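Single-structure report; data block below.
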Amino acid sequence: MFIEPPVEYIQPVFRPPSEGRSLILQVTNGCSWNKCTFCEMYTAPQKKFAPKAEDKVIEEIKRCGQQLGQVRRVFLGDGDAMALSIRRLKTILEAINQYLPSVTRISAYCLPRNLKNKSIEELQELRKLGLSLIYIGAESGDDTVLEKINKGETFESTKNAILKAKAANIKSSVMIINGMGGKEYSKQHAIASADLVNATQPDYVATLVLFFSQGKEKVEEGFGGNFTPLNTAELCEEMRVFIEHTELEKSIFRSDHVSNHLVLKGVLGKDKQDMLDDIDEAIE
């Protein structure tokens, strides 16, 4: 007897490392911005951004409830679920509550621009319906670097989005890319990125290392040809500058993506000196 799979995916599908055990519910396809020079996630022809039909999403949630038993965590994919309207997000969250009553955490990727036209009160409604965590790819806190990678965001726009989520009691996980400014902008990238997390005190801070599985031409073009990738020692040195300039109270820090050369885990600032010591040891 054929049983229809609970969720139909348009491949490839991406999720944060911490969502490895989550049900990935694909409510959109691709990324609504998809212009960052460094990003290779949603460049395939089939990943053109579009919301998945609402009735199809609800039907998939129903099937998940019927076929999967108890589900604890749900991740709303693809790269830009928070681009959906408040009304549609509420409909999806209400369906999860109805058909997957054992869910304790719902999360999603979020571009800062996704929250610009959503009020704190509207976000609080989503929080009450179970949306408790958003992953924000800040990449850098430096406006020059952000412009050169065509991020479409600034220090201020990213800061405002994180603080708006915090005001709505939605946790945030902020990603910074180690090496994103190249050798030419390494120090200012590291310091401005530390300034960004200092100003917002996110619940989680994570880093990954810039890598080029499909070539670095687009990144080099954005920097006007003035881009020199960092070697392993320089990446560690940049990470040291970043950690050294953080003034965080209780943000959980992770540098354990597959791209990272040096794995760091802890709480900033409680474990700040231990991390700096680990970095110094690695550099030596």
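Residue numbering restarts at 1 in every chain; chains get A, B, ... in the order shown in the structure tokens, and ligands count up from 1 in that same order.
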**Study point:** Test item: residues at most 10 Å from range 234-241 of chain A, only C-alpha atoms, excluding those fewer than 3 positions along its chain, as a PyMOL selection string
**Key:** chain A and resi 177-180+182-183+186-191+194+207+209-210+229-231+244-246+255+260-262+275-280+282-283
Practice item. Please provide the set of residues having any atom within 12 Å of Val267 in chain A, restricted to only C-alpha atoms, with same-chain residues fewer than 6 positions apart removed, written as a PyMOL selection string. Key: chain A and resi 201-206+243+246-255+273-275
Counting only C-alpha atoms, what is within 7 Å of Ala138 in chain A, bar same-chain residues fewer than 5 positions away, as a short mmCIF file (atom, residue, chain, number, x, y, z; two decimals) with N, CA and C atoms, in the first residue's frame?
data_model
loop_
_atom_site.label_atom_id
_atom_site.label_comp_id
_atom_site.auth_asym_id
_atom_site.auth_seq_id
_atom_site.Cartn_x
_atom_site.Cartn_y
_atom_site.Cartn_z
N THR A 158 19.87 45.29 10.72
CA THR A 158 20.01 44.00 11.40
C THR A 158 19.78 44.16 12.90
N VAL A 174 22.20 34.45 15.88
CA VAL A 174 22.83 35.34 14.91
C VAL A 174 24.10 34.71 14.36
N MET A 175 24.20 34.64 13.04
CA MET A 175 25.34 34.04 12.37
C MET A 175 26.28 35.11 11.82
N ILE A 176 27.56 34.97 12.11
CA ILE A 176 28.61 35.82 11.57
C ILE A 176 29.53 34.93 10.73
#
Neighbours of Met82 in chain A within 9 Å (only C-alpha atoms; same-chain residues fewer than 5 positions away dropped), as a compact mmCIF listing (two decimals) with N, CA, C and O atoms, in the first residue's frame?
# COMPACT_ATOMS: atom_id res chain seq x y z
N LEU A 76 10.59 25.83 10.00
CA LEU A 76 9.88 26.32 8.82
C LEU A 76 10.91 26.70 7.75
O LEU A 76 11.66 27.65 7.90
N LEU A 89 1.42 33.17 8.32
CA LEU A 89 2.22 32.54 9.37
C LEU A 89 1.33 32.06 10.52
O LEU A 89 1.52 30.96 11.06
N ALA A 108 12.61 29.29 12.45
CA ALA A 108 12.69 29.62 11.03
C ALA A 108 13.91 30.49 10.78
O ALA A 108 14.37 31.22 11.67
N TYR A 109 14.44 30.44 9.55
CA TYR A 109 15.39 31.45 9.10
C TYR A 109 14.65 32.78 8.97
O TYR A 109 13.43 32.81 8.71
N CYS A 110 15.39 33.88 9.10
CA CYS A 110 14.74 35.19 9.00
C CYS A 110 15.73 36.23 8.49
O CYS A 110 16.79 36.43 9.09
N LEU A 111 15.41 36.87 7.39
CA LEU A 111 16.17 38.03 6.95
C LEU A 111 15.73 39.24 7.76
O LEU A 111 14.54 39.38 8.06
N ASN A 114 12.65 40.95 6.71
CA ASN A 114 11.37 40.26 6.92
C ASN A 114 10.56 40.87 8.05
O ASN A 114 9.33 40.76 8.10
N LEU A 115 11.25 41.49 9.02
CA LEU A 115 10.58 42.01 10.21
C LEU A 115 10.28 43.50 10.13
O LEU A 115 9.63 44.05 11.01
N ILE A 134 14.30 32.43 15.86
CA ILE A 134 14.62 32.76 14.46
C ILE A 134 16.13 32.79 14.29
O ILE A 134 16.86 33.21 15.18
Practice item. Just list the residues in range 53-272 of chain A DSSP gives helix (DSSP H, G or I) on the backbone, as a ChimeraX atom specification. Key: /A:54-67,81-83,86-99,112-115,120-128,143-148,155-167,186-200,217-222,232-245,272
Practice item. With a distance cut-off of 7 Å and only C-alpha atoms, select the neighbouring residues of Val71 in chain A, excluding the residue or stretch itself and same-chain residues fewer than 6 positions from it, and output the selection as a list in words. Key: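 Everything that qualifies: Leu100, Ser102 and Val103 of chain A.
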Check your understanding: Hey, what does DSSP flag as strand (DSSP E) within range 42-261 of chain A? Can you give it to me as an MDAnalysis selection string?
Key -> chainID A and resid 50:51 73:77 105:109 131:139 171:178 204:209 251:255
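For Asp142 in chain A, the set of protein, DNA and RNA residues having any atom at most 8 Å away, when counting only C-alpha atoms and skipping those fewer than 4 positions along the same chain, is Leu146, Thr154, Phe155, Gln188, His189, Ala192 and Ser193 of chain A.
Of the residues listed (A:Arg127, A:Lys272, A:Arg63, A:Arg72), A:Arg127 shows the shortest atom-to-atom separation from Glu94 in chain A; distances use only C-alpha atoms.
Residues in contact with Ile96 in chain A at 10 Å, where only C-alpha atoms are counted and same-chain residues fewer than 2 positions away are skipped, are listed as Ile58, Ile61, Lys62, Cys64, Gly65, Val74, Lys90, Thr91, Ile92, Leu93, Glu94, Gln98, Tyr99, Leu100, Pro101, Ser102, Val103, Ile106, Leu129 and Gly130 of chain A.
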Keeping only C-alpha atoms, write those residues as a PDB file, in the first residue's frame.
ATOM      1  CA  ILE A  58      -1.964  22.648   5.826  1.00  0.00           C
ATOM      2  CA  ILE A  61       0.854  19.341   8.443  1.00  0.00           C
ATOM      3  CA  LYS A  62      -2.199  17.072   8.739  1.00  0.00           C
ATOM      4  CA  CYS A  64       2.653  14.728   9.477  1.00  0.00           C
ATOM      5  CA  GLY A  65       0.292  14.478  12.421  1.00  0.00           C
ATOM      6  CA  VAL A  74       9.463  22.056  13.641  1.00  0.00           C
ATOM      7  CA  LYS A  90      -0.560  32.487  11.961  1.00  0.00           C
ATOM      8  CA  THR A  91      -2.558  30.018   9.862  1.00  0.00           C
ATOM      9  CA  ILE A  92       0.467  27.702   9.613  1.00  0.00           C
ATOM     10  CA  LEU A  93       1.254  27.942  13.325  1.00  0.00           C
ATOM     11  CA  GLU A  94      -2.381  27.298  14.266  1.00  0.00           C
ATOM     12  CA  GLN A  98      -3.890  21.552  16.018  1.00  0.00           C
ATOM     13  CA  TYR A  99      -2.362  18.599  14.195  1.00  0.00           C
ATOM     14  CA  LEU A 100       1.037  18.347  15.928  1.00  0.00           C
ATOM     15  CA  PRO A 101       0.130  19.086  19.561  1.00  0.00           C
ATOM     16  CA  SER A 102       3.386  17.631  20.946  1.00  0.00           C
ATOM     17  CA  VAL A 103       5.531  20.338  19.291  1.00  0.00           C
ATOM     18  CA  ILE A 106       8.990  26.187  16.108  1.00  0.00           C
ATOM     19  CA  LEU A 129       1.356  30.389  18.706  1.00  0.00           C
ATOM     20  CA  GLY A 130       4.728  28.741  19.211  1.00  0.00           C
TER      21      GLY A 130
END
Check your understanding: Closest to Ser22 in chain A among A:Thr144, A:Ala167, A:Ser107, A:Ala44, using only C-alpha atoms?
Key ->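 Of all the options, A:Ser107 lies closest to Ser22 in chain A.
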